[in-house]
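Step one of this worksheet: look at the structure below.
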Amino acid sequence: MIIGEHIAKLDDKGRLVFPAPLKVLAESEVGGRLRFVVKKNLFRLCLEMYVDKEWKRQSEGVRARLNPFNRDHDLFWSAYMSDTAIVEPDEKMGRIQIPRSLLDLIDVRKEVVFASKDYKIEVWAKEHFPESKISGEKQVELAEKILG
């Protein structure tokens with residue numbers, strides 16, 4: 001389980017230092033060299049980072065629900081797989097380079113927030129991160145609706 005929130009600044013070359021606590025937790029998940037799949041979140045203004053193993057699990061679950069001979073399913077799958085990239089932290093500094101095109105999709109200027117959510121890490125432009133929060137009242141409402 002990956003948890004925590006961390007702020008990182010873009011350097012002059014557009015790289016981010018991947019937070020050490022998340023790196024350690026993610027490495028324990030995969031038991032070796034880190035490799036992430038990064039994609040735009042379908043519903044919110046953030047990116048999602050998955051360790052390779054989790055990405056395969058998630059995407060296979062989606063693909064299993066689709067009929068490749070259905071045009072709408074094919075169109076959805078194509079859109080689902082777009083705006084996706086593979087990133088690996090460099091071994092010396094732990095920096096990652098998320099393609100600028102993906103960072104532009106979420107309006108990143110100088111800083112991002114890495115917000116881990118169990119099986120994935122969300123990447124938010126620091127200015128938009130408050131949008132990810134919901135009120136305690138809304139959380140109770142959703143808990144009752146979904147779990148109650």
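As shown in the structure tokens, the chain order sets the letters A, B, ...; within each chain, residues go from 1, and ligands are also counted from 1 in the order they appear.
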I need the residues in region 51-84 of chain A that are alpha helix (DSSP H) according to DSSP; give them as a ChimeraX atom specification. /A:52-64,71-81
Env of region 91-101 of chain A: 12 Å cut, atoms = only C-alpha atoms, seq-sep filter 2 positions within chain, self excluded. Answer as a PyMOL selection string. chain A and resi 8-24+32-40+47-49+82-89+103-110+112+123
